[in-house]
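This is entry.cif (mmCIF, C-alpha atoms).
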```cif
data_protein
loop_
_atom_site.label_atom_id
_atom_site.label_comp_id
_atom_site.auth_asym_id
_atom_site.auth_seq_id
_atom_site.Cartn_x
_atom_site.Cartn_y
_atom_site.Cartn_z
CA MET P 979 0.00 0.00 0.00
CA LYS P 980 1.34 3.40 -1.00
CA ASN P 981 1.63 6.42 1.27
CA VAL P 982 -1.68 7.92 2.33
CA GLN P 983 -2.00 11.70 1.95
CA ILE P 984 -4.73 13.16 4.10
CA LEU P 985 -5.65 16.71 3.14
CA LEU P 986 -6.31 19.20 5.94
CA ARG P 987 -9.25 20.71 4.09
CA GLN P 988 -11.98 18.18 3.36
CA HIS P 989 -14.99 20.36 4.10
CA VAL P 990 -16.32 23.88 3.70
CA GLY P 991 -14.71 26.34 6.08
CA ALA P 992 -11.09 26.71 7.16
CA PRO P 993 -8.46 23.95 6.90
CA CYS P 994 -7.93 21.85 10.01
CA GLN P 995 -4.83 22.09 12.21
CA ALA P 996 -2.60 19.02 12.43
CA ILE P 997 -2.14 17.66 15.98
CA VAL P 998 0.43 14.99 15.06
CA LYS P 999 4.08 15.27 14.07
CA SER P 1000 6.51 13.35 11.93
CA GLY P 1001 7.39 10.00 13.49
CA ASP P 1002 4.12 9.58 15.40
CA LYS P 1003 2.49 6.16 15.24
CA VAL P 1004 -1.19 6.24 14.31
CA LYS P 1005 -4.06 3.78 14.06
CA LYS P 1006 -7.28 3.77 12.06
CA GLY P 1007 -9.41 6.35 13.81
CA THR P 1008 -6.57 8.27 15.48
CA LEU P 1009 -7.51 11.95 15.58
CA ILE P 1010 -4.80 13.75 13.55
CA ALA P 1011 -6.29 17.20 12.84
CA THR P 1012 -8.93 19.44 14.41
CA PRO P 1013 -10.98 22.41 13.11
CA THR P 1014 -9.79 25.99 13.51
CA GLY P 1015 -13.28 27.34 12.73
CA LEU P 1016 -16.11 25.82 10.75
CA GLY P 1017 -14.90 22.33 9.92
CA ALA P 1018 -14.77 18.71 11.02
CA ASN P 1019 -12.29 16.41 12.78
CA ILE P 1020 -9.90 14.47 10.56
CA PHE P 1021 -8.67 10.99 11.40
CA SER P 1022 -6.00 8.59 10.20
CA SER P 1023 -7.50 6.05 7.81
CA VAL P 1024 -4.70 3.51 8.28
CA TYR P 1025 -2.29 2.00 10.78
CA GLY P 1026 1.14 3.47 10.17
CA GLU P 1027 3.63 6.22 10.88
CA VAL P 1028 3.37 9.92 10.15
CA GLU P 1029 6.04 10.59 7.56
CA ASP P 1030 5.48 14.30 7.08
CA VAL P 1031 3.20 17.14 8.13
CA LEU P 1032 2.90 19.69 5.34
CA GLU P 1033 0.95 22.93 5.08
CA ASP P 1034 -2.02 21.28 3.36
CA ARG P 1035 -1.73 17.57 4.24
CA ILE P 1036 -0.49 14.84 6.53
CA VAL P 1037 1.49 12.04 4.88
CA ILE P 1038 1.29 8.61 6.52
CA LYS P 1039 3.34 5.52 5.64
CA PRO P 1040 0.97 2.57 6.16
CA ASP P 1041 2.02 -0.59 7.97
CA GLU P 1042 2.23 -3.74 5.85
CA VAL P 1043 -0.54 -5.36 7.88
CA GLN P 1044 -3.78 -3.42 8.37
CA SER P 1045 -6.24 -4.43 11.10
CA GLU P 1046 -9.97 -3.87 10.73
CA GLU P 1047 -10.08 -2.49 14.29
CA PHE P 1048 -10.29 1.27 14.78
CA GLU P 1049 -9.99 3.82 17.57
CA LYS P 1050 -13.47 4.70 18.77
CA ILE P 1051 -14.90 8.13 19.45
CA GLU P 1052 -16.12 8.93 22.95
CA GLU P 1053 -19.65 8.15 24.06
CA GLY P 1054 -21.99 11.13 24.13
CA SER P 1055 -25.30 12.36 22.83
CA LYS P 1056 -26.13 11.36 19.27
CA LEU P 1057 -25.35 14.85 17.97
CA GLU P 1058 -22.10 15.02 19.96
CA MET P 1059 -20.96 11.69 18.48
CA ILE P 1060 -21.75 12.84 14.93
CA LYS P 1061 -19.67 15.97 15.49
CA ALA P 1062 -16.86 13.99 17.13
CA ALA P 1063 -16.80 11.55 14.19
CA GLY P 1064 -15.97 14.34 11.75
CA ILE P 1065 -18.84 13.56 9.38
CA VAL P 1066 -19.42 15.99 6.52
CA GLY P 1067 -21.79 15.96 3.56
CA MET P 1068 -20.32 13.15 1.49
CA GLY P 1069 -22.09 13.98 -1.73
CA GLY P 1070 -21.32 17.66 -2.22
CA ALA P 1071 -19.31 20.51 -0.75
CA GLY P 1072 -18.68 18.81 2.59
CA PHE P 1073 -20.68 20.93 5.02
CA PRO P 1074 -20.16 19.65 8.59
CA THR P 1075 -23.09 17.31 9.28
CA GLY P 1076 -23.20 18.00 13.01
CA VAL P 1077 -23.85 21.68 12.28
CA LYS P 1078 -26.44 20.98 9.57
CA ILE P 1079 -28.61 18.56 11.54
CA GLY P 1080 -28.32 20.53 14.77
CA THR P 1081 -31.13 22.72 13.40
CA ASP P 1082 -34.55 22.38 15.08
CA LEU P 1083 -36.94 21.76 12.19
CA GLN P 1084 -39.99 22.02 14.46
CA GLY P 1085 -41.73 19.09 12.81
CA GLY P 1086 -40.32 19.63 9.32
CA TYR P 1087 -38.72 17.26 6.83
CA ILE P 1088 -35.54 15.29 6.30
CA LEU P 1089 -35.08 15.01 2.53
CA ILE P 1090 -32.76 12.17 1.54
CA ASN P 1091 -30.84 13.00 -1.62
CA ALA P 1092 -30.66 9.62 -3.38
CA ALA P 1093 -30.73 11.17 -6.85
CA GLU P 1094 -27.19 10.01 -7.74
CA CYS P 1095 -27.33 13.05 -9.96
CA GLU P 1096 -24.03 12.78 -11.84
CA PRO P 1097 -24.22 10.30 -14.76
CA GLY P 1098 -21.95 7.27 -14.42
CA LEU P 1099 -21.82 7.24 -10.62
CA ARG P 1100 -23.74 4.59 -8.67
CA HIS P 1101 -22.23 4.14 -5.18
CA ASN P 1102 -25.19 5.78 -3.42
CA ILE P 1103 -27.70 3.62 -5.28
CA GLN P 1104 -25.62 0.53 -4.49
CA GLN P 1105 -25.56 1.56 -0.82
CA ILE P 1106 -29.37 1.51 -0.81
CA GLU P 1107 -29.40 -1.85 -2.57
CA GLU P 1108 -26.94 -3.43 -0.13
CA GLU P 1109 -27.37 -1.55 3.17
CA CYS P 1110 -30.84 -0.04 3.10
CA ASP P 1111 -31.48 -0.76 6.78
CA LYS P 1112 -28.33 1.13 7.82
CA VAL P 1113 -29.35 4.15 5.75
CA VAL P 1114 -32.90 4.14 7.16
CA ARG P 1115 -31.56 3.96 10.72
CA GLY P 1116 -29.48 7.04 9.89
CA VAL P 1117 -32.65 8.77 8.71
CA LYS P 1118 -34.39 8.00 12.02
CA TYR P 1119 -31.43 9.28 14.06
CA THR P 1120 -31.40 12.47 11.98
CA MET P 1121 -35.15 12.96 12.39
CA GLU P 1122 -34.81 12.56 16.16
CA ILE P 1123 -31.90 15.00 16.44
CA SER P 1124 -33.44 17.70 14.24
CA ASN P 1125 -37.04 17.28 15.45
CA ALA P 1126 -38.37 16.34 12.00
CA ALA P 1127 -41.81 14.75 11.72
CA LYS P 1128 -41.34 13.25 8.27
CA ALA P 1129 -38.66 12.10 5.85
CA ILE P 1130 -38.74 11.65 2.07
CA PHE P 1131 -36.34 9.66 -0.11
CA ALA P 1132 -35.80 11.53 -3.40
CA ILE P 1133 -34.68 8.88 -5.89
CA LYS P 1134 -34.81 8.57 -9.67
CA LYS P 1135 -37.55 6.32 -10.97
CA LYS P 1136 -35.06 4.53 -13.26
CA ASN P 1137 -33.31 2.91 -10.27
CA GLU P 1138 -35.93 0.19 -10.09
CA LYS P 1139 -34.03 -2.29 -7.91
CA ALA P 1140 -33.16 0.33 -5.29
CA VAL P 1141 -36.73 1.69 -5.32
CA LYS P 1142 -38.13 -1.82 -4.79
CA ILE P 1143 -35.79 -2.44 -1.84
CA LEU P 1144 -36.69 0.94 -0.35
CA LYS P 1145 -40.41 0.22 -0.65
CA GLU P 1146 -39.99 -3.10 1.13
CA THR P 1147 -37.81 -1.60 3.88
CA LEU P 1148 -40.22 1.30 4.47
CA LYS P 1149 -43.50 -0.63 4.28
CA ASP P 1150 -44.18 -0.15 8.01
CA GLU P 1151 -42.68 3.35 8.27
CA GLU P 1152 -45.56 5.83 8.23
CA ALA P 1153 -43.30 8.88 8.61
CA ILE P 1154 -40.89 8.00 5.77
CA SER P 1155 -41.97 8.05 2.11
CA ILE P 1156 -40.44 7.92 -1.37
CA HIS P 1157 -40.61 10.57 -4.08
CA LEU P 1158 -39.69 9.45 -7.59
CA LEU P 1159 -37.61 11.86 -9.67
CA PRO P 1160 -37.26 12.10 -13.45
CA ASP P 1161 -33.84 11.30 -14.93
CA ILE P 1162 -32.84 14.91 -15.41
CA TYR P 1163 -29.65 16.67 -14.32
CA PRO P 1164 -29.51 18.38 -11.76
CA MET P 1165 -32.25 16.71 -9.74
CA GLY P 1166 -29.74 16.26 -6.90
CA GLU P 1167 -29.19 19.99 -6.36
CA GLU P 1168 -30.59 20.62 -2.89
CA ARG P 1169 -33.05 23.31 -3.95
CA ALA P 1170 -34.26 21.00 -6.74
CA VAL P 1171 -34.80 18.27 -4.13
CA VAL P 1172 -36.85 20.69 -2.00
CA ARG P 1173 -38.88 21.80 -5.02
CA GLU P 1174 -39.56 18.27 -6.26
CA CYS P 1175 -40.44 16.84 -2.82
CA LEU P 1176 -42.21 19.77 -1.16
CA GLY P 1177 -43.29 22.00 -4.04
CA ILE P 1178 -41.44 24.96 -2.53
CA GLU P 1179 -39.26 27.19 -4.74
CA LEU P 1180 -36.25 28.47 -2.83
CA LYS P 1181 -34.32 31.53 -3.96
CA PRO P 1182 -30.64 30.95 -4.83
CA GLU P 1183 -29.50 32.45 -1.53
CA GLU P 1184 -32.01 30.50 0.58
CA LEU P 1185 -31.15 27.28 2.42
CA PRO P 1186 -33.52 24.30 2.76
CA SER P 1187 -34.11 25.36 6.38
CA VAL P 1188 -36.37 28.12 4.96
CA ALA P 1189 -38.65 25.24 3.90
CA LYS P 1190 -38.28 23.59 7.35
CA SER P 1191 -36.15 20.88 5.78
CA ILE P 1192 -32.65 19.41 5.71
CA VAL P 1193 -31.26 17.74 2.57
CA ILE P 1194 -28.81 14.95 3.34
CA ASN P 1195 -26.91 12.44 1.23
CA VAL P 1196 -27.33 8.64 1.40
CA GLU P 1197 -23.72 7.88 2.37
CA THR P 1198 -23.77 10.61 5.00
CA LEU P 1199 -26.71 8.86 6.67
CA ALA P 1200 -24.81 5.57 6.71
CA ARG P 1201 -21.84 7.30 8.39
CA ILE P 1202 -24.23 8.77 10.99
CA THR P 1203 -25.39 5.25 11.83
CA GLU P 1204 -21.77 4.06 12.16
CA ALA P 1205 -20.87 6.95 14.46
CA ILE P 1206 -23.82 6.35 16.80
CA GLU P 1207 -23.91 2.55 16.80
CA GLU P 1208 -20.22 1.68 16.38
CA ARG P 1209 -18.57 4.89 17.64
CA LYS P 1210 -16.75 4.89 14.31
CA PRO P 1211 -14.91 8.01 13.10
CA CYS P 1212 -15.39 9.12 9.50
CA PHE P 1213 -12.17 8.05 7.77
CA SER P 1214 -13.39 6.14 4.71
CA LYS P 1215 -15.31 6.89 1.51
CA ASN P 1216 -17.54 5.13 -0.99
CA LEU P 1217 -16.97 6.08 -4.62
CA THR P 1218 -17.33 5.02 -8.24
CA VAL P 1219 -14.43 4.48 -10.66
CA ILE P 1220 -15.44 4.36 -14.30
CA GLY P 1221 -14.20 5.10 -17.80
CA LYS P 1222 -11.48 4.00 -20.22
CA LEU P 1223 -10.34 1.05 -18.16
CA ASN P 1224 -9.09 -2.40 -18.95
CA GLY P 1225 -12.13 -4.66 -18.93
CA GLY P 1226 -14.61 -2.08 -20.21
CA ASN P 1227 -16.53 0.96 -19.01
CA THR P 1228 -18.70 -0.72 -16.37
CA PRO P 1229 -18.75 1.29 -13.12
CA HIS P 1230 -16.63 -0.09 -10.26
CA VAL P 1231 -18.03 0.74 -6.82
CA PHE P 1232 -15.53 0.73 -3.96
CA LYS P 1233 -16.84 0.97 -0.40
CA ASP P 1234 -14.97 2.09 2.70
CA VAL P 1235 -11.86 3.23 0.85
CA PRO P 1236 -9.36 4.84 3.27
CA VAL P 1237 -9.39 8.62 2.88
CA GLY P 1238 -6.03 9.68 1.44
CA THR P 1239 -5.77 6.77 -1.00
CA SER P 1240 -4.34 7.89 -4.34
CA VAL P 1241 -6.33 8.14 -7.56
CA GLU P 1242 -3.78 5.85 -9.21
CA GLU P 1243 -4.28 3.08 -6.64
CA LEU P 1244 -8.05 3.10 -7.16
CA ILE P 1245 -7.72 3.08 -10.95
CA GLU P 1246 -5.39 0.08 -10.67
CA ARG P 1247 -7.97 -1.68 -8.49
CA ALA P 1248 -10.51 -1.07 -11.24
CA GLY P 1249 -8.29 -2.70 -13.87
CA GLY P 1250 -5.95 0.11 -14.90
CA ILE P 1251 -6.15 2.61 -17.77
CA ASP P 1252 -6.75 1.15 -21.20
CA GLY P 1253 -4.14 2.82 -23.45
CA GLU P 1254 -4.10 6.53 -24.22
CA TYR P 1255 -6.63 8.73 -22.46
CA GLY P 1256 -7.88 12.30 -22.40
CA GLU P 1257 -8.03 13.26 -18.74
CA ILE P 1258 -8.80 11.94 -15.28
CA ILE P 1259 -11.70 13.62 -13.49
CA MET P 1260 -12.21 13.64 -9.73
CA GLY P 1261 -15.93 13.95 -9.10
CA GLY P 1262 -18.73 13.69 -11.63
CA PRO P 1263 -18.90 14.64 -15.33
CA PHE P 1264 -20.60 17.98 -14.59
CA THR P 1265 -19.02 19.27 -11.40
CA GLY P 1266 -15.77 17.31 -11.27
CA LYS P 1267 -12.38 18.71 -12.20
CA ALA P 1268 -9.28 17.33 -13.89
CA THR P 1269 -6.96 15.61 -11.44
CA THR P 1270 -3.70 13.66 -11.35
CA LEU P 1271 -2.79 10.06 -10.56
CA GLU P 1272 -1.01 11.22 -7.40
CA ALA P 1273 -4.00 13.14 -5.99
CA PRO P 1274 -5.59 11.74 -2.79
CA ILE P 1275 -9.30 11.14 -2.31
CA THR P 1276 -11.15 13.01 0.44
CA LYS P 1277 -14.39 12.62 2.39
CA THR P 1278 -16.24 14.32 -0.48
CA THR P 1279 -14.79 12.43 -3.47
CA GLY P 1280 -17.65 10.79 -5.35
CA GLY P 1281 -16.02 9.55 -8.52
CA ILE P 1282 -12.89 8.99 -10.55
CA ILE P 1283 -13.41 9.01 -14.32
CA VAL P 1284 -10.83 8.18 -17.00
CA THR P 1285 -11.91 9.61 -20.36
CA ILE P 1286 -11.19 8.99 -24.03
CA GLU P 1287 -8.87 11.41 -25.81
CA PHE P 1288 -10.10 14.87 -26.79
CA PRO P 1289 -10.80 15.82 -30.41
CA ASP P 1290 -8.33 18.26 -31.98
CA LEU P 1291 -10.30 21.23 -33.32
CA HIS P 1292 -7.16 22.83 -34.86
CA GLY P 1293 -7.44 26.30 -33.37
CA ALA P 1294 -11.12 26.86 -34.12
CA THR P 1295 -12.84 29.78 -32.41
CA MET P 1296 -14.82 28.82 -29.32
CA GLY P 1297 -17.56 30.46 -27.27
CA VAL P 1298 -17.98 29.38 -23.65
CA LEU P 1299 -21.39 29.34 -21.94
CA VAL P 1300 -20.91 29.15 -18.18
CA CYS P 1301 -23.78 27.61 -16.22
CA ALA P 1302 -24.29 27.30 -12.47
CA CYS P 1303 -25.05 23.59 -12.85
CA GLY P 1304 -21.78 22.59 -14.52
CA GLY P 1305 -18.14 23.59 -14.65
CA ASP P 1306 -16.98 27.08 -13.72
CA GLU P 1307 -15.25 29.33 -16.24
CA ALA P 1308 -11.81 27.96 -15.40
CA ARG P 1309 -12.97 24.38 -16.00
CA MET P 1310 -14.64 25.32 -19.29
CA ARG P 1311 -11.52 27.14 -20.50
CA ASP P 1312 -9.44 24.10 -19.50
CA LEU P 1313 -11.62 21.87 -21.71
CA ALA P 1314 -11.49 24.35 -24.60
CA GLU P 1315 -7.71 24.37 -24.40
CA LYS P 1316 -7.55 20.55 -24.33
CA MET P 1317 -9.54 20.53 -27.59
CA ASN P 1318 -7.09 23.03 -29.15
CA THR P 1319 -9.51 25.90 -29.61
CA LYS P 1320 -9.25 29.67 -29.19
CA VAL P 1321 -11.78 31.13 -26.73
CA VAL P 1322 -13.13 34.36 -28.23
CA SER P 1323 -16.40 34.83 -26.32
CA ILE P 1324 -17.71 34.17 -22.79
CA ALA P 1325 -21.35 34.26 -21.73
CA ARG P 1326 -23.27 33.22 -18.65
CA CYS P 1327 -26.54 31.31 -18.51
CA LYS P 1328 -29.30 33.86 -17.90
CA GLN P 1329 -30.40 32.02 -14.73
CA ALA P 1330 -26.92 31.88 -13.16
CA GLN P 1331 -26.71 34.26 -10.20
CA GLU P 1332 -23.42 35.13 -8.53
CA MET P 1333 -23.41 34.65 -4.75
CA LYS P 1334 -21.36 36.62 -2.22
CA SER P 1335 -18.85 33.75 -2.22
CA GLY P 1336 -18.32 34.22 -5.96
CA ALA P 1337 -19.95 30.90 -6.79
CA LEU P 1338 -22.84 30.71 -9.23
CA LYS P 1339 -26.27 29.36 -8.35
CA CYS P 1340 -29.14 28.68 -10.71
CA GLU P 1341 -32.43 30.50 -10.12
CA ARG P 1342 -34.48 27.38 -10.90
CA PRO P 1343 -32.25 24.32 -11.32
CA GLY P 1344 -33.55 21.94 -13.96
CA ASN P 1345 -36.04 24.49 -15.42
CA CYS P 1346 -34.33 26.72 -17.92
CA PRO P 1347 -35.47 29.62 -20.14
CA GLY P 1348 -34.26 30.15 -23.70
CA GLN P 1349 -30.64 30.93 -24.58
CA VAL P 1350 -31.18 32.80 -27.86
CA LYS P 1351 -29.47 35.99 -26.64
CA ASN P 1352 -26.28 34.09 -25.75
CA SER P 1353 -26.32 32.23 -29.07
CA MET P 1354 -26.61 35.58 -30.87
CA GLN P 1355 -23.59 36.87 -28.94
CA PHE P 1356 -21.53 33.84 -29.92
CA LYS P 1357 -22.52 34.30 -33.58
CA LYS P 1358 -21.61 38.00 -33.45
CA ASP P 1359 -18.22 37.15 -31.93
CA LYS P 1360 -17.52 34.78 -34.86
CA CYS P 1361 -17.49 31.55 -32.87
CA GLU P 1362 -17.32 28.32 -34.85
CA TYR P 1363 -18.04 26.16 -31.79
CA ILE P 1364 -19.62 26.74 -28.41
CA ILE P 1365 -19.06 24.63 -25.31
CA ILE P 1366 -21.78 24.43 -22.67
CA GLY P 1367 -21.98 22.85 -19.21
CA ASN P 1368 -25.70 23.17 -18.81
CA CYS P 1369 -28.31 20.99 -17.14
CA SER P 1370 -30.57 18.73 -19.22
CA ASP P 1371 -33.24 21.39 -19.79
CA CYS P 1372 -30.77 24.21 -20.46
CA SER P 1373 -28.92 22.10 -23.05
CA ASN P 1374 -32.31 21.62 -24.70
CA THR P 1375 -32.84 25.38 -24.95
CA VAL P 1376 -29.36 25.97 -26.39
CA MET P 1377 -30.06 23.39 -29.07
CA GLY P 1378 -33.22 25.29 -29.94
CA SER P 1379 -31.23 28.25 -31.26
CA ALA P 1380 -27.49 27.60 -31.71
CA PRO P 1381 -27.61 25.10 -34.61
CA LYS P 1382 -29.93 27.45 -36.55
CA MET P 1383 -27.08 29.99 -36.41
CA ASN P 1384 -24.59 27.37 -37.65
CA LEU P 1385 -22.92 27.15 -34.25
CA LYS P 1386 -21.54 23.70 -33.49
CA VAL P 1387 -22.47 22.74 -29.93
CA LEU P 1388 -20.19 20.76 -27.60
CA HIS P 1389 -21.05 19.83 -24.03
CA GLN P 1390 -18.43 19.69 -21.29
CA THR P 1391 -19.48 16.10 -20.57
CA ASP P 1392 -19.21 14.83 -24.17
CA HIS P 1393 -15.89 13.04 -23.72
CA VAL P 1394 -17.21 11.38 -20.55
CA MET P 1395 -20.54 10.36 -22.07
CA ARG P 1396 -18.81 8.84 -25.09
CA THR P 1397 -16.44 6.97 -22.78
CA ILE P 1398 -19.16 5.41 -20.63
CA GLY P 1399 -21.70 4.84 -23.40
CA HIS P 1400 -24.23 7.38 -22.13
CA PRO P 1401 -26.42 9.55 -24.43
CA LEU P 1402 -24.94 12.99 -25.06
CA TYR P 1403 -26.53 16.00 -23.39
CA ARG P 1404 -28.29 17.74 -26.28
CA TYR P 1405 -32.05 17.22 -26.46
CA LEU P 1406 -34.24 16.53 -23.45
CA THR P 1407 -36.05 13.26 -24.08
CA VAL P 1408 -37.56 12.37 -20.70
CA SER P 1409 -40.77 13.56 -19.10
CA LYS P 1410 -40.30 16.27 -16.48
CA GLN P 1411 -43.64 15.50 -14.83
CA VAL P 1412 -43.27 15.30 -11.06
CA GLU P 1413 -44.10 11.83 -9.75
CA GLN P 1414 -46.42 11.23 -6.84
CA ASP P 1415 -45.02 10.35 -3.46
CA ILE P 1416 -45.24 6.62 -2.68
#
```

Please re-express this file's structure in structure tokens.
Amino acid sequence: MKNVQILLRQHVGAPCQAIVKSGDKVKKGTLIATPTGLGANIFSSVYGEVEDVLEDRIVIKPDEVQSEEFEKIEEGSKLEMIKAAGIVGMGGAGFPTGVKIGTDLQGGYILINAAECEPGLRHNIQQIEEECDKVVRGVKYTMEISNAAKAIFAIKKKNEKAVKILKETLKDEEAISIHLLPDIYPMGEERAVVRECLGIELKPEELPSVAKSIVINVETLARITEAIEERKPCFSKNLTVIGKLNGGNTPHVFKDVPVGTSVEELIERAGGIDGEYGEIIMGGPFTGKATTLEAPITKTTGGIIVTIEFPDLHGATMGVLVCACGGDEARMRDLAEKMNTKVVSIARCKQAQEMKSGALKCERPGNCPGQVKNSMQFKKDKCEYIIIGNCSDCSNTVMGSAPKMNLKVLHQTDHVMRTIGHPLYRYLTVSKQVEQDI
């Protein structure tokens, strides 16, 4: 096993402060870094010796033999144990879970985000298929802590096996229901989950708490159960590895991977890279970013994707449409450069609002207006191609105008979709009708 590199920032907020030094012996579950503000405890994910403490990470040399035993967190209230375990949102930005569920919902809702929104990833769905009881126990603990009266699983209708298992598990649970989602990106965005489940439209700056709800990821709920029932710290991650791999493009789901494991080690476990490739993405096709083989996974890593090579567009002029639902401008420019194009025009989706943090948020995720004005700008600026990172519906609206102006449309996910055999994001072909709760 190669060295484990545990980053000191695996959550929103400030980086943690290391509390170990070079030469220290550590076990699985040894506390090695603590928050300096908003954050979450960080633990060793292996037995070994601290080799180095750097500004942004702790490097641990693992022992040859790894025990399954781990150092346990202290007994306490359920909320105290969740905080002590260092659990963060394991499907998004990594907001500290103990802070999120410490809110008194006064009889509101826990909304379980089981959308598995990013195409190609399936570790959350597999968790429901294999450990549904553990997830449901996490829901009940979360309802108790946050004073929620009801909970709703938001899951895509296409995941028939997982839905069937959920129905069977919840047959005697009057307070927990299922809401079926259409297969549209970004149904997993938390405001989209609130809208689909509760019929409440939140403004971009509003949190789910405005709708007396908390949105929480499937894996996060399983980690809550582990913290309360096993006193287990959060030092491992479930994720999907997929793409241009030896053996084909079937997704490989790895559970309980030690945080700090390298991208290269996980790709090798999945069969290794099949020949030449375009890039390696950490995360999903829409919101992930290019990474390296040496990069370590964190508590928030959801996927590792190896893609086919990029087309060479021989210096063609490119327009970039930046959307709140996909890559930021830097990511879009990175992709344009990898396709050997010259960016001559930048536009922003008309629903993308800039927050105080500088990040973009969509006014109504998954429901997009027309994009004719942006297409006209790209035509005026003499673009031959445009690259978009839009949601399903927004891509649909771009395709309604851009081709009529002889603009060739690329989507930031094209190289991923072609790699994994998924339909390209161009025309919306599924019904957007909201399903009834079951």

Taking 4 positions as the minimum chain separation for residues in the same chain, which residues sit within 8 Å of range 1141-1146 of chain P when counting all atoms listed in the file? Answer as a PyMOL selection string. chain P and resi 1106-1107+1110+1133+1135+1137+1156

For Val982 in chain P, the nearest of the candidates P:Leu1009, P:Met1333, P:Val1031, P:Ile1090, counting all atoms listed in the file: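 Selected residue with least distance to Val982 in chain P: P:Val1031.
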
Evaluate the PyMOL selection byres ((chain P and resi 1187) around 10) against this structure - the residues, as a PDB file with C-alpha atoms, in the coordinates of the input, please.
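So the final result, stored in result33.pdb, reads:
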```pdb
ATOM      1  CA  LYS P1078     -26.440  20.980   9.570  1.00  0.00           C
ATOM      2  CA  THR P1081     -31.130  22.720  13.400  1.00  0.00           C
ATOM      3  CA  ASP P1082     -34.550  22.380  15.080  1.00  0.00           C
ATOM      4  CA  LEU P1083     -36.940  21.760  12.190  1.00  0.00           C
ATOM      5  CA  GLY P1086     -40.320  19.630   9.320  1.00  0.00           C
ATOM      6  CA  TYR P1087     -38.720  17.260   6.830  1.00  0.00           C
ATOM      7  CA  VAL P1172     -36.850  20.690  -2.000  1.00  0.00           C
ATOM      8  CA  LEU P1180     -36.250  28.470  -2.830  1.00  0.00           C
ATOM      9  CA  GLU P1184     -32.010  30.500   0.580  1.00  0.00           C
ATOM     10  CA  LEU P1185     -31.150  27.280   2.420  1.00  0.00           C
ATOM     11  CA  PRO P1186     -33.520  24.300   2.760  1.00  0.00           C
ATOM     12  CA  VAL P1188     -36.370  28.120   4.960  1.00  0.00           C
ATOM     13  CA  ALA P1189     -38.650  25.240   3.900  1.00  0.00           C
ATOM     14  CA  LYS P1190     -38.280  23.590   7.350  1.00  0.00           C
ATOM     15  CA  SER P1191     -36.150  20.880   5.780  1.00  0.00           C
ATOM     16  CA  ILE P1192     -32.650  19.410   5.710  1.00  0.00           C
ATOM     17  CA  VAL P1193     -31.260  17.740   2.570  1.00  0.00           C
TER      18      VAL P1193
END
```

Using all atoms listed in the file, pick whichever of P:Pro1160, P:Gly1261, P:Pro1074, P:Gly1249 has the shortest atom-to-atom distance to Thr1198 in chain P. P:Pro1074

Nearest-residue call for Val1037 in chain P, choices P:Ala1063, P:Ala996, P:Met1377, P:Ala1132, using all atoms listed in the file: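 Of the candidates, the smallest distance to Val1037 in chain P is held by P:Ala996.
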
Could you work out how far CA of Gln1329 in chain P lies from CA of Met1354 in chain P, giving the answer in Å with one decimal? 17.0 Å

Please list, as a VMD selection string, the residues that have an atom at most 7 Å away from (-6.1, 25.4, 15.1) in the coordinates of this file, counting all atoms listed in the file. chain P and resid 994 to 995 1012 to 1014

Could you tell me, as a short mmCIF file (atom, residue, chain, number, x, y, z; two decimals) with C-alpha atoms, keeping the file's coordinate frame, exactly which residues end up selected when the PyMOL selection byres ((chain P and resi 1203-1216) around 6) is applied to this structure?
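File part-v2.cif, as written:
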```cif
data_model
loop_
_atom_site.label_atom_id
_atom_site.label_comp_id
_atom_site.auth_asym_id
_atom_site.auth_seq_id
_atom_site.Cartn_x
_atom_site.Cartn_y
_atom_site.Cartn_z
CA GLY P 1007 -9.41 6.35 13.81
CA PHE P 1021 -8.67 10.99 11.40
CA SER P 1023 -7.50 6.05 7.81
CA LYS P 1050 -13.47 4.70 18.77
CA ILE P 1051 -14.90 8.13 19.45
CA ILE P 1060 -21.75 12.84 14.93
CA ALA P 1063 -16.80 11.55 14.19
CA GLY P 1064 -15.97 14.34 11.75
CA ILE P 1065 -18.84 13.56 9.38
CA GLY P 1116 -29.48 7.04 9.89
CA ALA P 1200 -24.81 5.57 6.71
CA ARG P 1201 -21.84 7.30 8.39
CA ILE P 1202 -24.23 8.77 10.99
CA LEU P 1217 -16.97 6.08 -4.62
CA PHE P 1232 -15.53 0.73 -3.96
CA LYS P 1233 -16.84 0.97 -0.40
CA ASP P 1234 -14.97 2.09 2.70
CA VAL P 1235 -11.86 3.23 0.85
CA PRO P 1236 -9.36 4.84 3.27
CA VAL P 1237 -9.39 8.62 2.88
CA LYS P 1277 -14.39 12.62 2.39
#
```

Go through P:Ile1079, P:Ala1071, P:Ile1283, P:Ile1130 one by one, measure the shortest atom-to-atom distance of each to Asn1091 in chain P using all atoms listed in the file, and give the residue with the smallest value.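 Comparing P:Ile1079, P:Ala1071, P:Ile1283, P:Ile1130 against Asn1091 in chain P, the winner is P:Ile1130.
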
What's the 8 Å shell around Ile1154 in chain P, counting only C-alpha atoms, without same-chain residues fewer than 5 positions away, as a PyMOL selection string? chain P and resi 1128-1131+1148

Residue neighbourhood Lys1334 in chain P, 12 Å, all atoms listed in the file, exclusion window fewer than 3 positions, as a tab-separated table (two decimals) with C-alpha atoms, in the frame of the given file:
```tsv
chain	number	residue	atom	x	y	z
P	1182	PRO	CA	-30.64	30.95	-4.83
P	1183	GLU	CA	-29.50	32.45	-1.53
P	1331	GLN	CA	-26.71	34.26	-10.20
P	1337	ALA	CA	-19.95	30.90	-6.79
P	1338	LEU	CA	-22.84	30.71	-9.23
P	1339	LYS	CA	-26.27	29.36	-8.35
```
